[in-house]
Each structure stands twice: as structure tokens, then as C-alpha cells.
Amino acid sequence: MHTLIRDCRPVRWLAFVLFAALVSGCASSNTTLSPDPGDPFESTNRQIHAFNKGLDTFALRPASQVYGTLIPEPVRNGISNFADNLGLPATIINNTLQGDFGSAASNTGRFLVNTTFGLAGVFDPSTALGVPEESTDFGETLHVWGAGEGVFLELPFLGASTTRDAAGRAVDILIDPLGYVLEVPEVNYSRGSRFASGLNSRFRFTVTIDGILYESADSYAQSRIIYLQNRRFELGTSSPSVSLDEEGDLYDDFFLE
Amino acid sequence: MMISSWNRPSRRMVLAGAATFSLLTAAPAVALNVRQAEQLVDSLVADINRVIASGKSESAMIRDFEGIFAQYGDVPAIARSALGPTARNISSAELRSYTSAFQGYISRKYGKRFREFIGGRIEVNGASDTGRFFTVSTTAFLRGTNPFEVTFLVTDRNGQDRFIDMLIEGVSMLGTERVEVRALLDRNRGDVAGLINDLQRSG
């Protein structure tokens, strides 16, 4: 889901406008199920979640079904590869800012090989050659620099995030060299491919994402725990038994008393 | 879907290697348990791979998965942990009925996703002692997706070696099911009979 959300970058600017509109003007909150003390913006987050879910129901999901059904898989994968390749310059900047020069070097090699031999990134010979993408973002850079996670946020259009990762997204737009280099019409190819890549992810993970959004009793709480646990895992800040520690030891309760 | 961290395994591999080394040198008795934990997951993964490769119908795969879940997982402990403190306040008959509904629900929910696994496989990387539990690390190789990490937490606290949690790229089954079961319980205003009824119909 993280990848899916990251792939939808072209709509980011709109997200900020809409975020402001929602926060300032939205109707009063409906009561939440079990308010989580670790989620101070829960009431607003839930309203935004309801908005995002509606957007998925009426636009993103149907569009992804049409896209996934009409366009053959190899073509879709080529477009997603193209979009991923365009994200690499910003990734390399973040690798460097984190002092991860090994990843910066391998991503640079990837970018050069895929842009040339991979025909502008449509093909991904680098992964086949054993050089997979070392993906990162400015949220991770902030983490490496010592910033804490902050609190959970659900962003319009973009979905689950945290205050740290939302700030990281904003900075990622500013530091993307392609944002300064590309002009019309190239910039439209870039935005279009990233949007299509998002549709492709939504299509490929239809069963999983539908399960979270439409088959769970509380899709907001599910999105929140999945995002936070996965993000902590990516950043290396989680321990495998963290879910067992939340309320003491499940065996102490039932077997050892 | 959440694969990016797989791309930098070196640090974790070094840590895992260090942990294994210290186990081997420090405590042979513990090392044996680590091996047992790994064997449990080896055998679990072999059974799962067999189901994936069988090409059976969805309902047959779900039945197979329920058998695997009941055989290798400590289902009563997982179910009780998902329910939380309420588990202590209900009758043992109600708890049994809830546990059985929970087992069916989990099997349908995860068994359904086995279709995405067709043509894929899971490999066991190794096990380590992480304190109260053994952590067995595996990698799932699915078609058209970067490999991703699946971790099993194994314990013999209930007398037999069983897994009590499965984490996919850091996302805990126990954690997400705890959220789900308690949301269902809230929706039923704390009524466990209503929760059981909902579980029987979902997944």
C-alpha cells in the first residue's frame, strides 16, 4: 500500500489544498469506535479516511479495474518501471543525505543502466542483473537524522502517513530534480506514468486492499496499524514481538497464573 | 506490496548471523530449541507450498489452510489474545465457540489469498531466540513481486511447539486481528454472541 500511495505523487499539490479545506470546513465529527490515545487527530483522520474510501469506491478502484483489464500486464509493468525510474534521482538524493553512499551508488548505476539499456526505464535490466532498487524517501531521511515518528495522519488522496512522513513527502516534491528539469510535455508523461503506476498497484493488490477497505470492521484502524507496523519495519525500528508486548504476555494471562 | 526494506538485507543478515553465533557458543540447550522452532516452520512451509502447488479450488485450499493453521498455530492462544480482556469474563463454552469461529474466519480470510501465491514459494532462512519467543525468518517469492519477508513467532509455552504470530513485512497478523476482533466486539456493544455470529459470516 505504501508503494501504491507513493506512486500517486502527481496529485500531491491537490492533496494539500484539499487537506486545508477539510480541516477548516468539514462537518462535525461522528463518534469514533474506540478512540486511541496515541492518535490525537483521530476524529479528523477518520473524516479524511471516509473521503479517501469514497474516492477509492467511485474513482480509483473502478479506474484500476478498467486499466488492469484493458492494458496487458507487460505494458502495465513497463509503465510502472518507467515511473519508478523517474523517481530514482530523488531517491539517490535521499540515499546521499542519509549517508548511505552504497545505495546511492547502486541506484545511480540502476538509473544509468535502465535509462539507456532499459529504453528510458521501461525495462528493468538492473533488477535482473542483481541490482534491485534501494528505495527510500525524505521521511526516512528525517528518521536517520533523528526525527521521531510523530503522530498518525491520514492524508487526502495519499492515505496513511505520520506527521514526520507527511513532512517528508512535501520535501520530496521540492528536492526532486525532475521537477526542475522537465517541461511540457515530458512532465505530463512523468505525472501520467506515476498515476498509471498507482492504478497498477491498486489492481494487482485488489484482494488485499479490498479486504482492508471493504471487508474489515474498522478500515481506518486497520489502515493505521498496517501503515505504522510496516513503516517501522522498513525503518528498522520495530521488533517482531511488539504486537505481543502491547498488553503483556498472552501466555502469562492464560496459562501461567 | 511493501517490499522496499527487502532491498537492504545486509544489516539484518549480519545481526542474525551474530545472534546465531552467540547461541551456538553460549547455550546448546537453547540452540536445540531454535532448531526445533526452525523445523516447525520448515514443516509448516512445506505444507503451505504443497497447498499452493496443488492448484485446488478455492474452497479446498481454504479447508487445507484451516488444517494447517490448527496443526501449527496455537489457535486458542491467538484467539484469546485477539479478544483481549473480554476472554477472561466469558464462559468456557462461549470461549470455545468463539475460538472455533475465529479459526474458521482466519482460514477463509487468509486461505482466499492463496490464489495470489500460485506459482510462488516460501523459503526458510533461519531461526533465532529473541527472548520469550523464537523468531523464524522466511522469504516469500511470488510471481511478479519482489521477494518479501515473512516472520513466524514460535513458542512451546503451551506444551507443544506452535506459532503464535506471523508478520508480513513487519505487519503482525495478531496485531491486525486484535484490531479487527475488537472493532467487531465494539460494533456488537460488547456482546460476544454477536461477535461470534459476525465472525462466522466474515473472512
# chains A, B, ... in the order shown; residues from 1 in each chain; ligands from 1
call {"tool": "interface_residues", "arguments": {"of": "chain B", "to": "chain A", "cutoff": "9 Å", "atoms": "only C-alpha atoms", "output": "PyMOL selection string"}}
result
chain B and resi 1-8+12+77-78+80-81+84+88+109+112-113+116+130+132-133+135+146+151-153+157-158+165+167-177+179-184+186-187+202-203
call {"tool": "write_last_selection", "arguments": {"atoms": "C-alpha atoms", "output": "PDB file, in the first residue's frame"}}
result
ATOM      1  CA  MET B   1       3.347  -4.576  -1.821  1.00  0.00           C
ATOM      2  CA  MET B   2       5.648  -3.357   0.920  1.00  0.00           C
ATOM      3  CA  ILE B   3       8.867  -4.685  -0.257  1.00  0.00           C
ATOM      4  CA  SER B   4      11.387  -1.916  -0.194  1.00  0.00           C
ATOM      5  CA  SER B   5      13.134  -2.931   3.000  1.00  0.00           C
ATOM      6  CA  TRP B   6      13.962  -6.287   1.449  1.00  0.00           C
ATOM      7  CA  ASN B   7      16.422  -4.414  -0.661  1.00  0.00           C
ATOM      8  CA  ARG B   8      18.799  -3.830   2.202  1.00  0.00           C
ATOM      9  CA  ARG B  12      19.789  -7.674   9.351  1.00  0.00           C
ATOM     10  CA  ALA B  77      -3.871 -18.513  22.449  1.00  0.00           C
ATOM     11  CA  ILE B  78      -4.084 -16.437  19.258  1.00  0.00           C
ATOM     12  CA  ARG B  80      -7.790 -15.238  23.180  1.00  0.00           C
ATOM     13  CA  SER B  81      -5.124 -12.639  22.585  1.00  0.00           C
ATOM     14  CA  GLY B  84      -8.280  -9.399  24.899  1.00  0.00           C
ATOM     15  CA  ARG B  88     -11.493 -13.713  30.952  1.00  0.00           C
ATOM     16  CA  LYS B 109      -9.553 -14.739   5.117  1.00  0.00           C
ATOM     17  CA  LYS B 112      -8.590 -16.806  -0.038  1.00  0.00           C
ATOM     18  CA  ARG B 113      -5.279 -15.076  -0.650  1.00  0.00           C
ATOM     19  CA  GLU B 116      -2.142 -14.843  -5.206  1.00  0.00           C
ATOM     20  CA  THR B 130      14.537 -13.337  20.624  1.00  0.00           C
ATOM     21  CA  ARG B 132      10.436 -15.147  25.177  1.00  0.00           C
ATOM     22  CA  PHE B 133       9.874 -16.381  21.629  1.00  0.00           C
ATOM     23  CA  THR B 135      11.745 -15.899  15.568  1.00  0.00           C
ATOM     24  CA  ASN B 146       9.943  -8.511  -5.216  1.00  0.00           C
ATOM     25  CA  THR B 151       8.477 -13.925  10.098  1.00  0.00           C
ATOM     26  CA  PHE B 152       6.923 -16.529  12.392  1.00  0.00           C
ATOM     27  CA  LEU B 153       6.996 -16.278  16.176  1.00  0.00           C
ATOM     28  CA  ARG B 157       4.816 -22.264  26.241  1.00  0.00           C
ATOM     29  CA  ASN B 158       1.605 -24.217  25.850  1.00  0.00           C
ATOM     30  CA  ASP B 165       2.140 -14.762  15.195  1.00  0.00           C
ATOM     31  CA  LEU B 167       4.489 -10.949  10.367  1.00  0.00           C
ATOM     32  CA  ILE B 168       4.469  -9.985   6.700  1.00  0.00           C
ATOM     33  CA  GLU B 169       6.967  -7.169   6.117  1.00  0.00           C
ATOM     34  CA  GLY B 170       6.544  -6.238   9.757  1.00  0.00           C
ATOM     35  CA  VAL B 171       2.721  -6.345   9.777  1.00  0.00           C
ATOM     36  CA  SER B 172       1.532  -8.673  12.530  1.00  0.00           C
ATOM     37  CA  MET B 173      -1.423 -10.988  11.948  1.00  0.00           C
ATOM     38  CA  LEU B 174      -2.080 -10.968  15.687  1.00  0.00           C
ATOM     39  CA  GLY B 175      -1.943  -7.160  15.763  1.00  0.00           C
ATOM     40  CA  THR B 176      -4.322  -6.647  12.849  1.00  0.00           C
ATOM     41  CA  GLU B 177      -6.733  -9.356  14.046  1.00  0.00           C
ATOM     42  CA  VAL B 179      -7.897  -4.572  15.900  1.00  0.00           C
ATOM     43  CA  GLU B 180     -10.490  -6.416  13.813  1.00  0.00           C
ATOM     44  CA  VAL B 181     -11.958  -8.572  16.601  1.00  0.00           C
ATOM     45  CA  ARG B 182     -12.215  -5.630  18.984  1.00  0.00           C
ATOM     46  CA  ALA B 183     -13.871  -3.471  16.316  1.00  0.00           C
ATOM     47  CA  LEU B 184     -16.406  -6.261  15.779  1.00  0.00           C
ATOM     48  CA  ASP B 186     -17.486  -2.732  19.690  1.00  0.00           C
ATOM     49  CA  ARG B 187     -19.973  -2.983  16.860  1.00  0.00           C
ATOM     50  CA  SER B 202     -16.898 -12.890   7.617  1.00  0.00           C
ATOM     51  CA  GLY B 203     -13.486 -13.637   6.177  1.00  0.00           C
TER      52      GLY B 203
END
call {"tool": "select_by_dssp", "arguments": {"residues": "range 35-164 of chain B", "states": "alpha helix (DSSP H)", "output": "ChimeraX atom specification"}}
result
/B:35-54,58-72,75-83,92-111
call {"tool": "closest_residue", "arguments": {"among": "B:Ala53, B:Ile48, B:Val192, B:Val150", "to": "Val124 in chain B", "atoms": "only C-alpha atoms"}}
result
B:Val150
call {"tool": "residues_around", "arguments": {"residues": "Asp176 in chain A", "least_positions_apart": "4", "cutoff": "7 Å", "atoms": "only C-alpha atoms", "output": "MDAnalysis selection string"}}
result
chainID A and resid 89:90 172
call {"tool": "residues_around", "arguments": {"residues": "range 141-153 of chain A", "least_positions_apart": "2", "cutoff": "6 Å", "atoms": "only C-alpha atoms", "output": "VMD selection string"}}
result
chain A and resid 98 138 to 139 161 to 164
call {"tool": "atom_distance", "arguments": {"atom1": "CA of Glu154 in chain A", "atom2": "CA of Asp39 in chain A"}}
result
10.7 Å
call {"tool": "residues_around", "arguments": {"residues": "Leu195 in chain B", "least_positions_apart": "4", "cutoff": "7 Å", "atoms": "only C-alpha atoms", "output": "PDB file with C-alpha atoms, in the first residue's frame"}}
result
ATOM      1  CA  LEU B 184     -16.406  -6.261  15.779  1.00  0.00           C
ATOM      2  CA  LEU B 185     -16.911  -6.517  19.524  1.00  0.00           C
ATOM      3  CA  ASN B 188     -21.832  -5.596  18.904  1.00  0.00           C
ATOM      4  CA  ASP B 191     -21.846  -8.880  23.105  1.00  0.00           C
ATOM      5  CA  LEU B 199     -17.012 -13.965  12.644  1.00  0.00           C
TER       6      LEU B 199
END
call {"tool": "closest_residue", "arguments": {"among": "B:Asp198, B:Asp161, B:Asp64, B:Glu58", "to": "Ile118 in chain B", "atoms": "only C-alpha atoms"}}
result
B:Glu58
call {"tool": "select_by_dssp", "arguments": {"residues": "range 73-176 of chain B", "states": "strand (DSSP E)", "output": "ChimeraX atom specification"}}
result
/B:121-129,134-141,148-155,162-168,171-172
call {"tool": "residues_around", "arguments": {"residues": "Phe102 in chain B", "least_positions_apart": "5", "cutoff": "8 Å", "atoms": "only C-alpha atoms", "output": "list of chain:residue names"}}
result
B:Ala79, B:Ile196, B:Leu199, B:Gln200
call {"tool": "closest_residue", "arguments": {"among": "A:Ala50, A:Leu158, A:Ala128, A:Leu70", "to": "Gly198 in chain A", "atoms": "only C-alpha atoms"}}
result
A:Leu158
call {"tool": "atom_distance", "arguments": {"atom1": "CA of Arg61 in chain A", "atom2": "CA of Val171 in chain A"}}
result
28.3 Å
call {"tool": "decode", "arguments": {"residues": "range 39-79 of chain B", "atoms": "N, CA and C atoms", "output": "PDB file, in the first residue's frame"}}
result
ATOM      1  N   GLN B  39      12.511 -26.165  12.540  1.00  0.00           N
ATOM      2  CA  GLN B  39      11.906 -27.370  11.954  1.00  0.00           C
ATOM      3  C   GLN B  39      10.396 -27.237  11.838  1.00  0.00           C
ATOM      4  N   LEU B  40       9.780 -26.638  12.887  1.00  0.00           N
ATOM      5  CA  LEU B  40       8.336 -26.448  12.843  1.00  0.00           C
ATOM      6  C   LEU B  40       7.953 -25.620  11.622  1.00  0.00           C
ATOM      7  N   VAL B  41       8.678 -24.507  11.421  1.00  0.00           N
ATOM      8  CA  VAL B  41       8.340 -23.624  10.304  1.00  0.00           C
ATOM      9  C   VAL B  41       8.711 -24.275   8.974  1.00  0.00           C
ATOM     10  N   ASP B  42       9.805 -25.044   8.954  1.00  0.00           N
ATOM     11  CA  ASP B  42      10.156 -25.817   7.747  1.00  0.00           C
ATOM     12  C   ASP B  42       8.983 -26.686   7.312  1.00  0.00           C
ATOM     13  N   SER B  43       8.459 -27.400   8.285  1.00  0.00           N
ATOM     14  CA  SER B  43       7.382 -28.335   8.006  1.00  0.00           C
ATOM     15  C   SER B  43       6.098 -27.579   7.621  1.00  0.00           C
ATOM     16  N   LEU B  44       5.824 -26.469   8.332  1.00  0.00           N
ATOM     17  CA  LEU B  44       4.668 -25.620   8.019  1.00  0.00           C
ATOM     18  C   LEU B  44       4.751 -25.083   6.596  1.00  0.00           C
ATOM     19  N   VAL B  45       5.954 -24.594   6.246  1.00  0.00           N
ATOM     20  CA  VAL B  45       6.161 -24.013   4.925  1.00  0.00           C
ATOM     21  C   VAL B  45       6.038 -25.084   3.840  1.00  0.00           C
ATOM     22  N   ALA B  46       6.544 -26.301   4.138  1.00  0.00           N
ATOM     23  CA  ALA B  46       6.417 -27.392   3.168  1.00  0.00           C
ATOM     24  C   ALA B  46       4.937 -27.688   2.916  1.00  0.00           C
ATOM     25  N   ASP B  47       4.131 -27.702   3.980  1.00  0.00           N
ATOM     26  CA  ASP B  47       2.690 -27.961   3.819  1.00  0.00           C
ATOM     27  C   ASP B  47       2.024 -26.840   3.028  1.00  0.00           C
ATOM     28  N   ILE B  48       2.402 -25.574   3.334  1.00  0.00           N
ATOM     29  CA  ILE B  48       1.818 -24.438   2.615  1.00  0.00           C
ATOM     30  C   ILE B  48       2.200 -24.511   1.136  1.00  0.00           C
ATOM     31  N   ASN B  49       3.485 -24.783   0.859  1.00  0.00           N
ATOM     32  CA  ASN B  49       3.927 -24.884  -0.542  1.00  0.00           C
ATOM     33  C   ASN B  49       3.171 -25.984  -1.286  1.00  0.00           C
ATOM     34  N   ARG B  50       2.880 -27.076  -0.578  1.00  0.00           N
ATOM     35  CA  ARG B  50       2.107 -28.158  -1.205  1.00  0.00           C
ATOM     36  C   ARG B  50       0.712 -27.675  -1.597  1.00  0.00           C
ATOM     37  N   VAL B  51       0.079 -26.912  -0.685  1.00  0.00           N
ATOM     38  CA  VAL B  51      -1.267 -26.405  -0.987  1.00  0.00           C
ATOM     39  C   VAL B  51      -1.209 -25.450  -2.181  1.00  0.00           C
ATOM     40  N   ILE B  52      -0.197 -24.557  -2.185  1.00  0.00           N
ATOM     41  CA  ILE B  52      -0.069 -23.598  -3.285  1.00  0.00           C
ATOM     42  C   ILE B  52       0.091 -24.343  -4.607  1.00  0.00           C
ATOM     43  N   ALA B  53       0.917 -25.393  -4.586  1.00  0.00           N
ATOM     44  CA  ALA B  53       1.223 -26.104  -5.828  1.00  0.00           C
ATOM     45  C   ALA B  53       0.088 -27.023  -6.260  1.00  0.00           C
ATOM     46  N   SER B  54      -0.836 -27.326  -5.335  1.00  0.00           N
ATOM     47  CA  SER B  54      -1.868 -28.327  -5.646  1.00  0.00           C
ATOM     48  C   SER B  54      -2.829 -27.855  -6.731  1.00  0.00           C
ATOM     49  N   GLY B  55      -2.996 -26.519  -6.851  1.00  0.00           N
ATOM     50  CA  GLY B  55      -3.928 -25.995  -7.847  1.00  0.00           C
ATOM     51  C   GLY B  55      -5.375 -26.352  -7.567  1.00  0.00           C
ATOM     52  N   LYS B  56      -5.688 -26.626  -6.293  1.00  0.00           N
ATOM     53  CA  LYS B  56      -7.069 -26.986  -5.936  1.00  0.00           C
ATOM     54  C   LYS B  56      -7.990 -25.773  -6.031  1.00  0.00           C
ATOM     55  N   SER B  57      -9.270 -26.040  -5.871  1.00  0.00           N
ATOM     56  CA  SER B  57     -10.254 -24.960  -5.882  1.00  0.00           C
ATOM     57  C   SER B  57     -10.071 -24.120  -4.617  1.00  0.00           C
ATOM     58  N   GLU B  58     -10.656 -22.906  -4.654  1.00  0.00           N
ATOM     59  CA  GLU B  58     -10.506 -22.003  -3.524  1.00  0.00           C
ATOM     60  C   GLU B  58     -11.030 -22.626  -2.237  1.00  0.00           C
ATOM     61  N   SER B  59     -12.199 -23.276  -2.300  1.00  0.00           N
ATOM     62  CA  SER B  59     -12.772 -23.820  -1.065  1.00  0.00           C
ATOM     63  C   SER B  59     -11.916 -24.959  -0.528  1.00  0.00           C
ATOM     64  N   ALA B  60     -11.318 -25.747  -1.430  1.00  0.00           N
ATOM     65  CA  ALA B  60     -10.442 -26.837  -0.979  1.00  0.00           C
ATOM     66  C   ALA B  60      -9.178 -26.276  -0.345  1.00  0.00           C
ATOM     67  N   MET B  61      -8.642 -25.177  -0.938  1.00  0.00           N
ATOM     68  CA  MET B  61      -7.446 -24.550  -0.367  1.00  0.00           C
ATOM     69  C   MET B  61      -7.748 -23.991   1.012  1.00  0.00           C
ATOM     70  N   ILE B  62      -8.933 -23.402   1.164  1.00  0.00           N
ATOM     71  CA  ILE B  62      -9.306 -22.833   2.460  1.00  0.00           C
ATOM     72  C   ILE B  62      -9.398 -23.942   3.512  1.00  0.00           C
ATOM     73  N   ARG B  63      -9.976 -25.097   3.127  1.00  0.00           N
ATOM     74  CA  ARG B  63     -10.052 -26.249   4.056  1.00  0.00           C
ATOM     75  C   ARG B  63      -8.651 -26.715   4.444  1.00  0.00           C
ATOM     76  N   ASP B  64      -7.763 -26.813   3.439  1.00  0.00           N
ATOM     77  CA  ASP B  64      -6.385 -27.234   3.720  1.00  0.00           C
ATOM     78  C   ASP B  64      -5.699 -26.247   4.657  1.00  0.00           C
ATOM     79  N   PHE B  65      -5.933 -24.968   4.385  1.00  0.00           N
ATOM     80  CA  PHE B  65      -5.283 -23.957   5.204  1.00  0.00           C
ATOM     81  C   PHE B  65      -5.789 -24.019   6.640  1.00  0.00           C
ATOM     82  N   GLU B  66      -7.073 -24.292   6.827  1.00  0.00           N
ATOM     83  CA  GLU B  66      -7.618 -24.391   8.188  1.00  0.00           C
ATOM     84  C   GLU B  66      -6.924 -25.523   8.948  1.00  0.00           C
ATOM     85  N   GLY B  67      -6.687 -26.648   8.250  1.00  0.00           N
ATOM     86  CA  GLY B  67      -5.978 -27.772   8.865  1.00  0.00           C
ATOM     87  C   GLY B  67      -4.566 -27.382   9.274  1.00  0.00           C
ATOM     88  N   ILE B  68      -3.883 -26.654   8.399  1.00  0.00           N
ATOM     89  CA  ILE B  68      -2.510 -26.222   8.680  1.00  0.00           C
ATOM     90  C   ILE B  68      -2.480 -25.252   9.860  1.00  0.00           C
ATOM     91  N   PHE B  69      -3.424 -24.305   9.840  1.00  0.00           N
ATOM     92  CA  PHE B  69      -3.498 -23.305  10.911  1.00  0.00           C
ATOM     93  C   PHE B  69      -3.729 -23.989  12.259  1.00  0.00           C
ATOM     94  N   ALA B  70      -4.645 -24.975  12.288  1.00  0.00           N
ATOM     95  CA  ALA B  70      -4.961 -25.665  13.539  1.00  0.00           C
ATOM     96  C   ALA B  70      -3.806 -26.549  13.997  1.00  0.00           C
ATOM     97  N   GLN B  71      -3.070 -27.101  13.034  1.00  0.00           N
ATOM     98  CA  GLN B  71      -1.974 -28.022  13.384  1.00  0.00           C
ATOM     99  C   GLN B  71      -0.726 -27.282  13.877  1.00  0.00           C
ATOM    100  N   TYR B  72      -0.399 -26.174  13.218  1.00  0.00           N
ATOM    101  CA  TYR B  72       0.869 -25.494  13.525  1.00  0.00           C
ATOM    102  C   TYR B  72       0.714 -24.270  14.419  1.00  0.00           C
ATOM    103  N   GLY B  73      -0.480 -23.688  14.440  1.00  0.00           N
ATOM    104  CA  GLY B  73      -0.666 -22.476  15.225  1.00  0.00           C
ATOM    105  C   GLY B  73      -1.252 -22.800  16.592  1.00  0.00           C
ATOM    106  N   ASP B  74      -0.935 -21.974  17.581  1.00  0.00           N
ATOM    107  CA  ASP B  74      -1.590 -22.112  18.883  1.00  0.00           C
ATOM    108  C   ASP B  74      -2.881 -21.306  18.806  1.00  0.00           C
ATOM    109  N   VAL B  75      -3.888 -21.909  18.145  1.00  0.00           N
ATOM    110  CA  VAL B  75      -5.116 -21.172  17.833  1.00  0.00           C
ATOM    111  C   VAL B  75      -5.819 -20.646  19.088  1.00  0.00           C
ATOM    112  N   PRO B  76      -5.962 -21.469  20.171  1.00  0.00           N
ATOM    113  CA  PRO B  76      -6.641 -20.916  21.356  1.00  0.00           C
ATOM    114  C   PRO B  76      -5.943 -19.669  21.900  1.00  0.00           C
ATOM    115  N   ALA B  77      -4.596 -19.678  21.915  1.00  0.00           N
ATOM    116  CA  ALA B  77      -3.871 -18.513  22.449  1.00  0.00           C
ATOM    117  C   ALA B  77      -4.019 -17.306  21.530  1.00  0.00           C
ATOM    118  N   ILE B  78      -3.944 -17.541  20.218  1.00  0.00           N
ATOM    119  CA  ILE B  78      -4.084 -16.437  19.258  1.00  0.00           C
ATOM    120  C   ILE B  78      -5.481 -15.833  19.376  1.00  0.00           C
ATOM    121  N   ALA B  79      -6.484 -16.715  19.442  1.00  0.00           N
ATOM    122  CA  ALA B  79      -7.873 -16.243  19.519  1.00  0.00           C
ATOM    123  C   ALA B  79      -8.096 -15.440  20.795  1.00  0.00           C
TER     124      ALA B  79
END
